[in-house]
Amino acid sequence: MQKKIVIVGGGIGGLSTALACGHRDLPVQLIERNKVFAEVGAGIQISPNVVRLLEGWGLREGLDALACFPSQLEIRSALTADLLGRLPLGERAVKRYGARYATIARADLHGLLLKAVNAQGSTQLIVGNAVEFVSQDASAVTVTTADGQNRRANVLIGADGLWSQVRDFVRLDAQPQFSGYVAYRAMVAQADLPETLRSDDITAWLGPDFHAVQYPVHHGELLNVVIIVKAKAPAELDQWNQTADVQELQSHLANAAAPLQELVGSISKWNLWPLCGLPKVRSAQELAFGRIALLGDAAHPMLPFLAQGAGMAIEDAFAMADVLQQSTHDDADALERFARRRWKRNARVQAGAVRNGEIFHATGLKRWGRDAAMKLFGARMIDVPWLYRGM
């Protein structure tokens, strides 16, 4: 009897899971609350642990057409613009980790995944349907959607992001909280910038109490810029593309180095994203609940200081398809194996992101120590072998 799998969430995590299941000959129903599949706005970094999986799903040609593959990551002081450290990427990443390091517009990656899922033909896409109720018994899980249908399945996978509808039915204690950080985001055509501000590489600017990251996307035509600062919570926490107050952003950067100020001043439109999250995952029981599992931001949202939010969702997708293919009859046991396989790595990445945030925003003597250590140890301070080698 064919296994019935329902995924809720048409973002990167949900589409990756559908694509991974399709590669294992597992048909899927994917439910998306919005009327169209779409991702807008920000860029993302996809490190070798993630690129390796995407290429394994046949997306290498698509990545070549749309992504960028920076030759290096530079770390600079946001106050003086001094170079603190450099991590070579490019061929070094391929030799060391078996895959490239890429930067890509979120919408481009989402489009690649959606095209690949459609090409497989094993996923039924259901749009404009919010989840209204979820229940399970010994033999199946039932999802009730806004169109009044009850869909029964062997397993339900909640891949519907930080503000997950599925999670509300299995983890009543897990409500997202404001982290104390907001991100100012912008994407600008490189041709519209002065030549001195254009870039083919990743640059991270470390301040006191803020940091900025810039990198190319959309085959180098666009520059993605993110500036994260400590701030009060805005009125709406669940909106990631609110219009930002440019003067308020500039006030946070009053002491920043001239090149960073010039870059910010060259961009007229910024969006504001309040960073919210959940406490670090503490056990496998927070990812699997009988025949229901959570993955990606629905299970373990990441602060962006390690650039692994989308990456961990994609790793989750690979692991989920793997355990479901291996399962012959006890699908609840398969989800438990998925949770045991993933929770410690996800928790380690969550903790690493928090630690990076403290380092990136260090003040006083800690900032001086950070800068000195970066200059002394260079790439060894920046590289993350345990992460980039994969699961």
# chains A, B, ... in the order shown; residues from 1 in each chain; ligands from 1

call {"tool": "residues_around", "arguments": {"residues": "segment 73-90 of chain A", "least_positions_apart": "5", "cutoff": "7 Å", "atoms": "only C-alpha atoms", "output": "number ranges by chain"}}
result
A: 100-101, 201-207, 255-257, 371, 374-375, 378-379, 382-383

call {"tool": "residues_around", "arguments": {"residues": "Asp160 of chain A", "least_positions_apart": "2", "cutoff": "7 Å", "atoms": "only C-alpha atoms", "output": "JSON, numbers by chain"}}
result
{"A": [8, 9, 158, 164, 165, 298]}

call {"tool": "atom_distance", "arguments": {"atom1": "atom CA of Ala347 of chain A", "atom2": "atom CA of Met302 of chain A"}}
result
9.4 Å

call {"tool": "closest_residue", "arguments": {"among": "A:Val166, A:Leu324, A:Val134, A:Val229", "to": "Arg24 of chain A", "atoms": "only C-alpha atoms"}}
result
A:Leu324

call {"tool": "closest_atom_pairs", "arguments": {"of": "segment 319-339 of chain A", "to": "segment 288-295 of chain A", "cutoff": "9 Å", "atoms": "only C-alpha atoms", "output": "tab-separated table"}}
result
residue	atom	partner	partner_atom	distance
A:Met320	CA	A:Leu295	CA	8.8
A:Asp331	CA	A:Arg291	CA	6.6
A:Ala332	CA	A:Arg291	CA	4.8
A:Asp333	CA	A:Gly290	CA	7.8
A:Ala334	CA	A:Arg291	CA	8.9
A:Leu335	CA	A:Ala288	CA	5.9
A:Glu336	CA	A:Ala288	CA	5.7
A:Arg337	CA	A:Ala288	CA	8.9
A:Phe338	CA	A:Ala288	CA	7.9
A:Ala339	CA	A:Ala288	CA	5.9

call {"tool": "residues_around", "arguments": {"residues": "Pro304 of chain A", "least_positions_apart": "3", "cutoff": "10 Å", "atoms": "only C-alpha atoms", "output": "ChimeraX atom specification"}}
result
/A:44,183,228,275,301,307-310,350,353-354,356-357

call {"tool": "closest_residue", "arguments": {"among": "A:Val281, A:Leu253, A:Leu387, A:Val143", "to": "Asn346 of chain A", "atoms": "only C-alpha atoms"}}
result
A:Val281

call {"tool": "select_by_dssp", "arguments": {"residues": "segment 184-249 of chain A", "states": "helix (DSSP H, G or I)", "output": "ChimeraX atom specification"}}
result
/A:190-192,195-197,246-249

call {"tool": "write_last_selection", "arguments": {"atoms": "C-alpha atoms", "output": "mmCIF file, in the first residue's frame"}}
result
data_model
loop_
_atom_site.group_PDB
_atom_site.id
_atom_site.type_symbol
_atom_site.label_atom_id
_atom_site.label_comp_id
_atom_site.auth_asym_id
_atom_site.auth_seq_id
_atom_site.Cartn_x
_atom_site.Cartn_y
_atom_site.Cartn_z
ATOM 1 C CA GLN A 190 24.901 46.608 -8.525
ATOM 2 C CA ALA A 191 24.809 48.738 -11.679
ATOM 3 C CA ASP A 192 23.087 51.467 -9.637
ATOM 4 C CA GLU A 195 31.837 51.019 -8.762
ATOM 5 C CA THR A 196 33.753 51.121 -5.460
ATOM 6 C CA LEU A 197 30.710 49.705 -3.633
ATOM 7 C CA VAL A 246 16.097 54.973 7.041
ATOM 8 C CA GLN A 247 16.972 57.747 9.502
ATOM 9 C CA GLU A 248 16.667 55.303 12.379
ATOM 10 C CA LEU A 249 19.003 52.897 10.574
#

call {"tool": "closest_residue", "arguments": {"among": "A:Gly56, A:Gly121, A:Gly43, A:Pro194", "to": "Asp108 of chain A", "atoms": "only C-alpha atoms"}}
result
A:Gly43

call {"tool": "select_by_dssp", "arguments": {"residues": "segment 57-257 of chain A", "states": "strand (DSSP E or B)", "output": "count of residues only"}}
result
78

call {"tool": "closest_residue", "arguments": {"among": "A:Leu263, A:Ala174, A:Ala258, A:Val182", "to": "Gln242 of chain A", "atoms": "only C-alpha atoms"}}
result
A:Val182

call {"tool": "atom_distance", "arguments": {"atom1": "atom CA of Ala18 of chain A", "atom2": "atom CA of Leu278 of chain A"}}
result
25.1 Å
